[in-house]
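K.L.:
Below is the file model.cif, which contains mmCIF, C-alpha atoms and all ligand atoms.
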data_my_file
#
loop_
_atom_site.label_atom_id
_atom_site.label_comp_id
_atom_site.auth_asym_id
_atom_site.auth_seq_id
_atom_site.Cartn_x
_atom_site.Cartn_y
_atom_site.Cartn_z
CA MET A 24 101.59 182.19 109.28
CA PHE A 25 98.49 182.76 107.19
CA LEU A 26 98.71 186.06 105.42
CA GLY A 27 95.89 188.46 106.06
CA LEU A 28 94.95 191.70 104.42
CA ASN A 29 98.27 193.40 104.94
CA ASP A 30 100.14 190.54 103.33
CA TYR A 31 97.71 190.20 100.43
CA HIS A 32 100.08 189.08 97.75
CA ILE A 33 98.87 189.61 94.24
CA THR A 34 101.27 187.20 92.47
CA ALA A 35 100.45 184.39 94.89
CA MET A 36 96.74 185.14 94.54
CA LYS A 37 96.98 185.06 90.75
CA SER A 38 98.71 181.69 90.88
CA ILE A 39 95.61 180.33 92.62
CA GLY A 40 93.32 181.82 89.97
CA LEU A 41 92.42 185.31 91.23
CA THR A 42 90.48 187.28 88.62
CA PRO A 43 89.81 191.04 88.47
CA ALA A 44 86.11 190.31 89.17
CA ILE A 45 86.92 188.51 92.43
CA GLU A 46 89.36 191.22 93.46
CA GLU A 47 86.68 193.82 92.86
CA HIS A 48 84.11 191.89 94.92
CA ALA A 49 86.58 191.33 97.74
CA HIS A 50 87.58 194.96 98.14
CA THR A 51 84.91 196.13 100.57
CA PHE A 52 85.55 193.13 102.80
CA LEU A 53 89.31 193.57 102.72
CA ASP A 54 88.86 197.19 103.77
CA GLN A 55 87.03 195.94 106.85
CA GLY A 56 89.92 193.73 107.91
CA PHE A 57 88.79 190.41 106.47
CA ALA A 58 91.02 188.26 104.27
CA LEU A 59 90.41 186.64 100.90
CA ALA A 60 91.08 182.94 100.37
CA ARG A 61 90.23 180.04 98.05
CA VAL A 62 88.78 176.73 99.19
CA THR A 63 91.17 173.88 98.36
CA GLU A 64 89.53 170.99 100.15
CA GLU A 65 86.15 170.05 101.53
CA ASN A 66 85.63 167.40 104.21
CA ARG A 67 82.02 167.15 105.31
CA GLU A 68 81.67 170.43 107.22
CA SER A 69 85.29 171.51 107.48
CA TYR A 70 87.50 173.01 104.83
CA LEU A 71 91.04 173.92 103.88
CA VAL A 72 91.63 177.37 102.40
CA THR A 73 94.68 179.01 100.85
CA ASN A 74 95.89 182.48 99.91
CA GLY A 75 98.44 181.03 97.51
CA ARG A 76 101.16 180.79 100.15
CA VAL A 77 99.77 178.91 103.13
CA GLU A 78 96.91 176.50 103.57
CA ILE A 79 94.93 176.41 106.85
CA PRO A 80 91.77 174.72 108.15
CA ALA A 81 88.53 176.67 108.02
CA GLU A 82 84.97 176.41 109.27
CA ILE A 83 81.77 178.11 108.21
CA SER A 84 80.42 180.91 110.41
CA GLY A 85 77.13 180.25 112.19
CA LYS A 86 75.52 183.08 110.29
CA LEU A 87 76.55 181.71 106.88
CA ARG A 88 75.25 178.28 107.79
CA PHE A 89 72.00 179.76 109.02
CA THR A 90 71.37 182.06 106.08
CA ALA A 91 72.37 179.64 103.30
CA GLU A 92 69.19 178.72 101.43
CA SER A 93 70.54 175.30 100.54
CA ARG A 94 73.67 173.20 100.52
CA ALA A 95 74.59 174.79 97.18
CA HIS A 96 75.00 178.18 98.88
CA LEU A 97 77.71 176.87 101.18
CA PRO A 98 81.37 176.89 100.13
CA ALA A 99 82.73 174.23 97.77
CA VAL A 100 86.21 173.48 96.45
CA GLY A 101 87.23 176.28 94.10
CA ASP A 102 85.15 178.94 95.83
CA TRP A 103 86.58 182.33 96.72
CA VAL A 104 85.65 183.11 100.29
CA ILE A 105 85.86 185.97 102.78
CA VAL A 106 87.50 184.82 106.00
CA SER A 107 88.54 186.08 109.39
CA LEU A 108 91.54 184.54 111.13
CA LEU A 109 91.83 183.03 114.59
CA ASP A 110 94.52 181.50 116.79
CA ASN A 111 97.53 183.33 115.42
CA ASP A 112 96.24 182.99 111.88
CA THR A 113 96.22 179.20 111.99
CA GLN A 114 92.44 178.80 111.70
CA ALA A 115 89.91 180.61 109.49
CA VAL A 116 86.19 181.27 109.69
CA ILE A 117 84.36 181.58 106.37
CA HIS A 118 81.82 184.41 106.37
CA ASP A 119 80.85 184.71 102.74
CA VAL A 120 81.14 183.01 99.36
CA LEU A 121 81.90 185.35 96.44
CA PRO A 122 79.88 185.07 93.22
CA ARG A 123 80.86 182.04 91.15
CA LYS A 124 82.08 182.34 87.58
CA THR A 125 81.17 178.73 86.79
CA LEU A 126 79.59 175.96 88.80
CA LEU A 127 80.04 172.26 88.18
CA SER A 128 77.24 170.32 89.80
CA ARG A 129 75.12 167.21 89.56
CA LYS A 130 72.04 165.80 91.19
CA ALA A 131 73.07 164.43 94.59
CA ALA A 132 73.27 160.63 94.61
CA GLY A 133 70.21 158.79 95.88
CA ASP A 134 66.54 159.75 95.77
CA LYS A 135 66.76 163.36 96.91
CA SER A 136 66.15 166.13 94.37
CA GLU A 137 69.13 168.10 95.58
CA GLN A 138 72.01 169.81 93.85
CA GLN A 139 75.51 168.71 94.75
CA ILE A 140 78.39 170.96 93.88
CA ILE A 141 81.45 169.24 92.51
CA ALA A 142 83.55 172.40 92.18
CA ALA A 143 83.21 176.15 91.68
CA ASN A 144 85.07 178.62 89.47
CA VAL A 145 86.43 175.93 87.16
CA ASP A 146 87.78 177.06 83.77
CA THR A 147 88.33 173.70 82.13
CA ILE A 148 86.85 170.27 82.82
CA PHE A 149 88.90 167.20 82.02
CA ILE A 150 86.36 164.45 81.43
CA VAL A 151 88.45 161.31 81.83
CA GLN A 152 87.27 158.04 80.33
CA GLY A 153 89.27 154.82 80.03
CA LEU A 154 89.93 153.15 76.69
CA ASP A 155 89.53 149.83 78.54
CA GLY A 156 86.20 148.41 79.78
CA ASN A 157 85.22 151.88 80.98
CA PHE A 158 84.79 153.21 77.42
CA ASN A 159 81.12 154.09 77.02
CA LEU A 160 79.70 156.69 74.66
CA ARG A 161 76.39 156.98 76.51
CA ARG A 162 78.23 157.84 79.70
CA LEU A 163 80.36 160.32 77.79
CA GLU A 164 77.20 162.12 76.59
CA ARG A 165 76.04 162.47 80.17
CA TYR A 166 79.38 163.93 81.27
CA LEU A 167 79.37 166.34 78.31
CA ILE A 168 75.95 167.69 79.31
CA VAL A 169 77.01 168.22 82.92
CA ALA A 170 80.19 169.96 81.72
CA ALA A 171 78.32 172.18 79.24
CA GLU A 172 75.87 173.20 81.96
CA SER A 173 78.70 174.33 84.24
CA GLY A 174 79.90 177.11 81.95
CA ALA A 175 83.46 175.71 81.89
CA GLN A 176 85.23 174.37 78.78
CA PRO A 177 85.23 170.57 78.53
CA VAL A 178 88.08 168.45 77.16
CA VAL A 179 87.69 164.68 76.79
CA LEU A 180 90.73 162.65 77.86
CA LEU A 181 90.80 158.98 76.88
CA SER A 182 93.18 157.23 79.26
CA LYS A 183 95.08 153.93 79.06
CA ALA A 184 95.82 154.13 75.32
CA ASP A 185 98.75 151.76 76.06
CA LEU A 186 96.31 148.90 76.70
CA LEU A 187 94.95 148.90 73.15
CA ALA A 188 96.05 146.60 70.35
CA PRO A 189 97.41 148.33 67.22
CA GLY A 190 94.56 149.72 65.13
CA GLU A 191 92.07 149.67 67.99
CA LEU A 192 92.60 153.30 68.88
CA SER A 193 91.49 154.64 65.51
CA THR A 194 88.26 152.61 65.72
CA LEU A 195 87.40 153.94 69.19
CA LEU A 196 88.30 157.50 68.23
CA ALA A 197 86.05 157.29 65.18
CA GLU A 198 83.20 156.26 67.49
CA ALA A 199 83.90 158.98 70.06
CA LYS A 200 84.36 161.85 67.60
CA PRO A 201 80.66 162.30 66.64
CA VAL A 202 79.74 162.21 70.34
CA ALA A 203 82.39 164.73 71.43
CA GLN A 204 81.47 167.00 68.48
CA ASN A 205 83.62 170.14 68.85
CA VAL A 206 85.02 169.21 72.25
CA PRO A 207 88.75 168.33 72.04
CA LEU A 208 89.36 164.59 72.30
CA ILE A 209 92.80 163.46 73.50
CA PRO A 210 93.88 159.84 73.89
CA TYR A 211 96.79 159.45 76.30
CA SER A 212 98.69 157.03 78.45
CA ALA A 213 99.98 157.88 81.91
CA THR A 214 102.20 154.81 81.55
CA THR A 215 104.03 155.62 78.30
CA GLY A 216 103.49 159.38 78.32
CA GLU A 217 101.87 159.54 74.90
CA GLY A 218 99.34 162.38 74.62
CA ILE A 219 100.52 164.06 77.82
CA ALA A 220 102.14 167.01 76.03
CA GLU A 221 98.92 167.55 74.09
CA LEU A 222 96.73 167.69 77.19
CA GLN A 223 99.26 169.91 78.98
CA GLN A 224 98.41 172.64 76.48
CA PHE A 225 95.17 173.13 78.38
CA ILE A 226 96.98 173.77 81.65
CA SER A 227 98.28 177.27 82.28
CA ASP A 228 99.10 179.60 85.13
CA GLY A 229 95.98 180.65 87.01
CA THR A 230 93.57 178.30 85.20
CA THR A 231 91.49 175.90 87.24
CA ILE A 232 90.95 172.42 85.85
CA CYS A 233 88.59 169.90 87.40
CA PHE A 234 89.01 166.17 86.70
CA ILE A 235 85.84 164.07 86.56
CA GLY A 236 85.17 160.47 85.53
CA SER A 237 84.37 157.01 86.87
CA SER A 238 86.47 155.44 89.59
CA GLY A 239 89.61 153.82 88.20
CA VAL A 240 89.94 155.81 84.96
CA GLY A 241 93.19 157.34 86.17
CA LYS A 242 92.38 160.87 87.38
CA SER A 243 94.73 160.79 90.36
CA THR A 244 97.42 158.93 88.39
CA LEU A 245 97.41 161.70 85.77
CA ILE A 246 97.58 164.45 88.41
CA ASN A 247 100.52 162.64 90.04
CA ARG A 248 102.26 162.48 86.69
CA LEU A 249 101.67 166.19 86.10
CA THR A 250 103.02 167.11 89.53
CA GLY A 251 105.90 164.64 89.19
CA SER A 252 105.12 163.14 92.60
CA GLU A 253 103.12 160.42 94.32
CA LEU A 254 101.02 163.00 96.12
CA LEU A 255 97.68 161.30 95.59
CA PRO A 256 96.82 157.67 96.38
CA THR A 257 95.89 155.45 93.42
CA ASN A 258 94.69 151.87 93.19
CA GLU A 259 94.45 149.12 90.62
CA VAL A 260 91.15 148.44 88.87
CA ARG A 261 89.32 145.11 88.98
CA THR A 262 90.52 142.98 86.08
CA ASP A 263 87.12 141.55 85.16
CA ASP A 264 85.26 144.82 84.55
CA SER A 265 87.89 147.63 84.71
CA ARG A 266 86.11 149.19 87.69
CA GLY A 267 88.02 151.24 90.21
CA ARG A 268 87.93 150.94 93.97
CA HIS A 269 86.88 154.50 94.86
CA THR A 270 90.34 155.40 96.05
CA THR A 271 89.90 159.18 96.07
CA THR A 272 87.34 160.09 98.73
CA ARG A 273 87.33 163.88 98.73
CA ARG A 274 87.58 166.80 96.39
CA GLN A 275 90.98 168.40 96.58
CA MET A 276 92.82 171.21 94.82
CA ILE A 277 96.45 170.80 93.82
CA ILE A 278 98.46 173.82 92.71
CA LEU A 279 101.14 172.98 90.17
CA PRO A 280 104.51 174.63 90.85
CA THR A 281 104.77 175.16 87.10
CA GLY A 282 101.41 176.96 87.01
CA GLY A 283 97.88 175.60 86.85
CA ILE A 284 95.33 174.58 89.45
CA LEU A 285 94.05 171.00 89.37
CA ILE A 286 91.04 169.60 91.24
CA ASP A 287 90.90 165.85 91.83
CA THR A 288 87.48 164.35 92.57
CA PRO A 289 86.23 160.94 93.71
CA GLY A 290 85.05 158.67 90.87
CA MET A 291 81.32 158.98 90.40
CA ARG A 292 79.01 155.97 90.46
CA GLU A 293 76.14 157.94 89.01
CA LEU A 294 76.15 161.31 87.36
CA GLY A 295 72.56 162.48 87.68
CA LEU A 296 71.62 165.59 85.73
CA TRP A 297 70.78 168.68 87.70
CA HIS A 298 69.46 171.47 85.46
CA ALA A 299 70.41 170.50 81.96
CA ALA A 300 67.65 171.17 79.43
CA SER A 301 69.62 173.96 77.74
CA SER A 302 72.86 171.98 77.48
CA LEU A 303 71.06 168.97 76.11
CA ASP A 304 70.57 170.61 72.71
CA ALA A 305 74.17 171.81 72.66
CA THR A 306 75.37 168.25 73.26
CA PHE A 307 73.02 166.76 70.66
CA PRO A 308 73.07 169.50 67.97
CA GLU A 309 72.00 167.18 65.15
CA ILE A 310 68.85 166.20 67.08
CA ALA A 311 68.13 169.79 68.11
CA GLY A 312 68.36 170.74 64.42
CA LEU A 313 65.89 168.04 63.38
CA ALA A 314 63.49 168.98 66.19
CA ASP A 315 62.82 172.33 64.49
CA GLU A 316 61.00 170.38 61.78
CA CYS A 317 58.71 168.42 64.11
CA LYS A 318 54.99 169.26 63.87
CA PHE A 319 54.66 170.06 67.58
CA THR A 320 56.97 172.58 69.20
CA ASP A 321 56.93 170.60 72.46
CA CYS A 322 57.48 167.28 70.67
CA THR A 323 59.11 164.67 72.92
CA HIS A 324 60.14 162.68 69.81
CA THR A 325 58.67 159.49 71.23
CA HIS A 326 55.06 159.03 70.09
CA GLU A 327 54.01 162.17 68.23
CA PRO A 328 53.01 162.10 64.55
CA ASP A 329 55.08 164.04 62.05
CA CYS A 330 58.21 163.87 64.16
CA ALA A 331 61.38 164.64 62.19
CA VAL A 332 63.57 162.98 64.82
CA GLN A 333 61.75 159.63 64.75
CA ARG A 334 61.70 159.82 60.96
CA ALA A 335 65.48 160.27 60.87
CA VAL A 336 65.93 157.20 63.12
CA ASN A 337 63.69 155.12 60.85
CA ASP A 338 65.56 156.30 57.74
CA GLY A 339 68.88 155.44 59.36
CA ALA A 340 70.01 159.08 59.16
CA LEU A 341 70.20 159.31 62.96
CA ASP A 342 72.04 156.79 65.11
CA GLU A 343 69.57 154.74 67.17
CA GLY A 344 71.83 154.60 70.25
CA ARG A 345 72.26 158.34 70.23
CA TYR A 346 68.51 158.85 69.82
CA GLN A 347 67.68 156.56 72.77
CA SER A 348 70.27 158.33 74.87
CA TYR A 349 68.82 161.76 74.00
CA VAL A 350 65.26 160.73 74.90
CA LYS A 351 66.38 159.28 78.22
CA LEU A 352 68.50 162.30 79.18
CA ARG A 353 65.81 164.75 78.08
CA HIS A 354 63.25 163.00 80.23
CA GLU A 355 65.62 163.04 83.20
CA ALA A 356 66.44 166.75 82.77
CA HIS A 357 62.78 167.78 82.47
CA TRP A 358 61.76 165.67 85.43
CA MET A 359 64.39 167.34 87.60
CA GLU A 360 63.50 170.84 86.43
CA GLU A 361 59.82 170.30 87.15
CA ARG A 362 60.72 169.49 90.72
CA THR A 363 63.34 172.08 91.43
CA THR A 364 62.69 175.32 89.54
CA VAL A 365 59.99 177.89 90.21
CA ALA A 366 58.70 177.67 86.64
CA GLY A 367 58.81 173.88 86.84
CA ARG A 368 56.93 173.80 90.12
CA LEU A 369 54.22 176.11 88.76
CA GLU A 370 53.84 173.86 85.73
CA ARG A 371 53.51 170.81 87.95
CA LYS A 372 50.96 172.60 90.16
CA ARG A 373 48.95 173.53 87.08
CA LYS A 374 48.89 169.89 85.98
CA GLU A 375 47.92 168.75 89.49
CA LYS A 376 45.11 171.32 89.59
CA ILE A 377 43.70 170.08 86.31
CA LEU A 378 43.90 166.52 87.59
CA SER A 379 42.19 167.32 90.89
CA ARG A 380 39.45 169.24 89.04
CA THR A 381 38.91 166.25 86.78
CA ILE A 382 38.66 163.95 89.80
CA LYS A 383 36.23 166.27 91.60
CA HIS A 384 34.13 166.54 88.46
CA TYR A 385 34.08 162.76 88.14
CA PHE A 386 32.88 162.26 91.74
CA LYS A 387 30.24 164.99 91.41
CA GLN A 388 28.82 163.32 88.33
CA ASN A 389 28.78 159.91 89.99
CA LYS A 390 26.99 161.31 93.05
CA HIS A 391 24.04 162.37 90.93
CA LYS A 392 23.73 158.95 89.39
N1 LIG B 1 97.78 151.06 81.72
C1 LIG B 1 97.42 152.21 82.25
N2 LIG B 1 97.00 152.25 83.51
C2 LIG B 1 96.63 153.45 84.02
C3 LIG B 1 96.68 154.65 83.28
N3 LIG B 1 96.23 155.65 84.06
C4 LIG B 1 95.93 155.09 85.24
N4 LIG B 1 96.15 153.78 85.23
C5 LIG B 1 95.94 152.82 86.32
O1 LIG B 1 94.55 152.80 86.65
C6 LIG B 1 94.37 152.53 88.02
C7 LIG B 1 93.40 153.52 88.63
O2 LIG B 1 94.01 154.79 88.64
P1 LIG B 1 93.56 155.95 89.66
O3 LIG B 1 94.41 157.13 89.31
O4 LIG B 1 93.57 155.46 91.05
O5 LIG B 1 92.07 156.22 89.20
P2 LIG B 1 91.07 157.37 89.68
O6 LIG B 1 90.36 157.84 88.47
O7 LIG B 1 91.78 158.39 90.46
O8 LIG B 1 90.07 156.55 90.59
P3 LIG B 1 89.21 157.02 91.89
O9 LIG B 1 90.10 157.80 92.79
O10 LIG B 1 88.75 155.74 92.50
O11 LIG B 1 88.09 157.83 91.35
C8 LIG B 1 95.78 152.54 88.64
O12 LIG B 1 96.21 151.22 88.81
C9 LIG B 1 96.62 153.25 87.59
O13 LIG B 1 97.95 152.83 87.60
C10 LIG B 1 97.16 154.57 81.93
O14 LIG B 1 97.21 155.56 81.20
N5 LIG B 1 97.50 153.32 81.48
MG MG B 2 91.56 159.07 92.38
ZN ZN B 3 59.80 165.18 67.32
#
Give the structure from this file in structure tokens form.
P.N.:
Amino acid sequence: MFLGLNDYHITAMKSIGLTPAIEEHAHTFLDQGFALARVTEENRESYLVTNGRVEIPAEISGKLRFTAESRAHLPAVGDWVIVSLLDNDTQAVIHDVLPRKTLLSRKAAGDKSEQQIIAANVDTIFIVQGLDGNFNLRRLERYLIVAAESGAQPVVLLSKADLLAPGELSTLLAEAKPVAQNVPLIPYSATTGEGIAELQQFISDGTTICFIGSSGVGKSTLINRLTGSELLPTNEVRTDDSRGRHTTTRRQMIILPTGGILIDTPGMRELGLWHAASSLDATFPEIAGLADECKFTDCTHTHEPDCAVQRAVNDGALDEGRYQSYVKLRHEAHWMEERTTVAGRLERKRKEKILSRTIKHYFKQNKHK
């Protein structure tokens, strides 16, 4: 039986990450006979929710669906939700989503300018990258920005260390270190077990950890190893390019009996930036520092004169690959913000107004000719 208000069990709730803030928010609802639960799985429009003891299917109430301003306002894995129970407490209806402490999201795949939530209320993000053909510093930068934007703490896990020849690991680590900056960087092997104890230090009772990374890097394999079971399906990667086969197809929360809450996610083909302008500078601190010395405060570091960033690239003080990556990501982040924020939309409107005035002016002048 699903436990409602009367069976609200604080220890069980804490094991699934309950915080004093959520408890506080939930109080008024609990007084009215609703129950508190956490979303553990999302399948299109249906969900699974738990109270730390039992997991049951749930659907969104008509009102919540109707009043949600966008997809991002609907529940996602990791959300704390207010539910009512039906059918002998075997089915729940979600009425409200409680305020989120952190929110891990990206631009939805495809052409739409829409936010897609990966997970909510995450404390730590395990960014998993393979030390095989998947190793790519430019991709790592992208993941670091998305993680920084979420408000959760990132940790970079480099999987498949067992596949490297002796000496190779130190070379790859030396390359990854300046990209990861202060973010912990842990090489490990799910096959031999090396590095596992080190990454386990980030897992503790009540903390929520979300695993992200390309398909085939070993997210589900690592979760299986941590749970000591074959709970999640895994699949071999293609030998020619180390790519995975998109084995995991949904976001799913796994609660470790030893404490800790893990969220497995499907490997991402593209990780488009949602709002990221503020995390960009945090991920590229050396470039942000140089930018203070550019002549123009809104310098894009691409064509402007007296640009300290371009100067540093020319002098060899700034890595060219990192510079190119920064320019590309900055452009992407600004483009998205112009389309999706109020301030951005106003700015775009202003530009369009100027353009339309210029066009009108041009036609007026030509008419008199
Ligand atoms: N040699 C080696 N192989 C590993 C390691 N970790 C995972 N693998 C293998 O990599 C393959 C892909 O692992 P998965 O766990 O399915 O990868 P995933 O990240 O969950 O992939 P998606 O679910 O598709 O996103 C499997 O064949 C694993 O056995 C490791 O540390 N070393
Ligand atoms: Mg998987
Ligand atoms: Zn500049």
K.L.:
Write out as a ChimeraX atom specification which residues come within 7 Å of range 176-186 of chain A when counting only C-alpha atoms, dropping same-chain ones fewer than 5 positions away.
P.N.:
/A:146-155,170,206-213,215,240-241
K.L.:
Here is a test: counting only C-alpha atoms and all ligand atoms, which residue of A:Leu255, A:Ile140, A:Ile45, A:Leu109 is nearest to ligand MG 2 (chain B)?
P.N.:
A:Leu255
K.L.:
Can you tell me which residues sit at most 12 Å away from ligand ZN 3 (chain B), counting all atoms listed in the file, written as a VMD selection string?
P.N.:
chain A and resid 310 to 336 346 349 to 350
K.L.:
Check the smallest atom-to-atom distance from each of A:Ser128, A:Ser243, A:Gln223, A:Thr272 to Leu296 in chain A using only C-alpha atoms, then report the winner.
P.N.:
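Using only C-alpha atoms, Leu296 in chain A sits closest to A:Ser128.
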K.L.:
At a cut-off of 7 Å, using all atoms listed in the file, what residues contact Ile284 in chain A? Leave out same-chain residues fewer than 2 positions from it and give the result as an mmCIF file with C-alpha atoms, in the coordinates of the input.
P.N.:
data_model
loop_
_atom_site.group_PDB
_atom_site.id
_atom_site.type_symbol
_atom_site.label_atom_id
_atom_site.label_comp_id
_atom_site.auth_asym_id
_atom_site.auth_seq_id
_atom_site.Cartn_x
_atom_site.Cartn_y
_atom_site.Cartn_z
ATOM 1 C CA ILE A 39 95.610 180.330 92.620
ATOM 2 C CA GLY A 229 95.980 180.650 87.010
ATOM 3 C CA THR A 230 93.570 178.300 85.200
ATOM 4 C CA THR A 231 91.490 175.900 87.240
ATOM 5 C CA ILE A 232 90.950 172.420 85.850
ATOM 6 C CA MET A 276 92.820 171.210 94.820
ATOM 7 C CA ILE A 277 96.450 170.800 93.820
ATOM 8 C CA ILE A 278 98.460 173.820 92.710
ATOM 9 C CA LEU A 279 101.140 172.980 90.170
ATOM 10 C CA GLY A 282 101.410 176.960 87.010
ATOM 11 C CA ILE A 286 91.040 169.600 91.240
#
K.L.:
Under the rule that all atoms listed in the file are counted, which of A:Gly236, A:Gly40, A:Gly156, A:Gly174 is the nearest residue to ligand MG 2 (chain B)?
P.N.:
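The shortest atom-to-atom distance to ligand MG 2 (chain B) comes from A:Gly236.
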K.L.:
Given only C-alpha atoms and all ligand atoms as the basis, pick out the residue of A:Ala305, A:Leu378, A:Met291, A:Ala95 nearest to ligand MG 2 (chain B).
P.N.:
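Closest residue, counting only C-alpha atoms and all ligand atoms: A:Met291.
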K.L.:
Adding 4 Å on each side of the box along x, y and z that holds all listed atoms of ligand LIG 1 (chain B), could you give its centre and edge lengths in Å to one decimal, as lines of an AutoDock Vina configuration file?
P.N.:
center_x = 93.0
center_y = 154.7
center_z = 87.0
size_x = 17.9
size_y = 15.3
size_z = 19.6
K.L.:
Please, which residues have at least one atom within 8 Å of an atom of ligand MG 2 (chain B), using all atoms listed in the file, listed as a PDB file with C-alpha atoms, in the frame of the given file?
P.N.:
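To be explicit, this is the file written out as result.pdb:
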ATOM      1  CA  SER A 238      86.470 155.440  89.590  1.00  0.00           C
ATOM      2  CA  GLY A 239      89.610 153.820  88.200  1.00  0.00           C
ATOM      3  CA  GLY A 241      93.190 157.340  86.170  1.00  0.00           C
ATOM      4  CA  LYS A 242      92.380 160.870  87.380  1.00  0.00           C
ATOM      5  CA  SER A 243      94.730 160.790  90.360  1.00  0.00           C
ATOM      6  CA  THR A 244      97.420 158.930  88.390  1.00  0.00           C
ATOM      7  CA  LEU A 255      97.680 161.300  95.590  1.00  0.00           C
ATOM      8  CA  PRO A 256      96.820 157.670  96.380  1.00  0.00           C
ATOM      9  CA  THR A 257      95.890 155.450  93.420  1.00  0.00           C
ATOM     10  CA  ASN A 258      94.690 151.870  93.190  1.00  0.00           C
ATOM     11  CA  HIS A 269      86.880 154.500  94.860  1.00  0.00           C
ATOM     12  CA  THR A 270      90.340 155.400  96.050  1.00  0.00           C
ATOM     13  CA  THR A 271      89.900 159.180  96.070  1.00  0.00           C
ATOM     14  CA  THR A 272      87.340 160.090  98.730  1.00  0.00           C
ATOM     15  CA  ASP A 287      90.900 165.850  91.830  1.00  0.00           C
ATOM     16  CA  THR A 288      87.480 164.350  92.570  1.00  0.00           C
ATOM     17  CA  PRO A 289      86.230 160.940  93.710  1.00  0.00           C
ATOM     18  CA  GLY A 290      85.050 158.670  90.870  1.00  0.00           C
TER      19      GLY A 290
END
K.L.:
Could you name the residues that touch Val100 in chain A at 7 Å or less, counting all atoms listed in the file, but leaving out those on the same chain fewer than 2 positions away, as a CSV table (one decimal) with C-alpha atoms, in the frame of the given file?
P.N.:
chain,number,residue,atom,x,y,z
A,62,VAL,CA,88.8,176.7,99.2
A,63,THR,CA,91.2,173.9,98.4
A,64,GLU,CA,89.5,171.0,100.2
A,65,GLU,CA,86.2,170.0,101.5
A,98,PRO,CA,81.4,176.9,100.1
A,102,ASP,CA,85.2,178.9,95.8
A,142,ALA,CA,83.6,172.4,92.2
A,143,ALA,CA,83.2,176.2,91.7
A,274,ARG,CA,87.6,166.8,96.4
A,275,GLN,CA,91.0,168.4,96.6
K.L.:
Please determine, counting only C-alpha atoms and all ligand atoms, which residue among A:Asn157, A:Thr90, A:Thr73, A:Asn111 has the shortest atom-to-atom distance to ligand LIG 1 (chain B).
P.N.:
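For ligand LIG 1 (chain B), the nearest of the candidates is A:Asn157.
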K.L.:
Provide the CA of Asp54 in chain A to CA of Ile105 in chain A distance in Å, to one decimal place.
P.N.:
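These atoms are spaced 11.7 Å apart.
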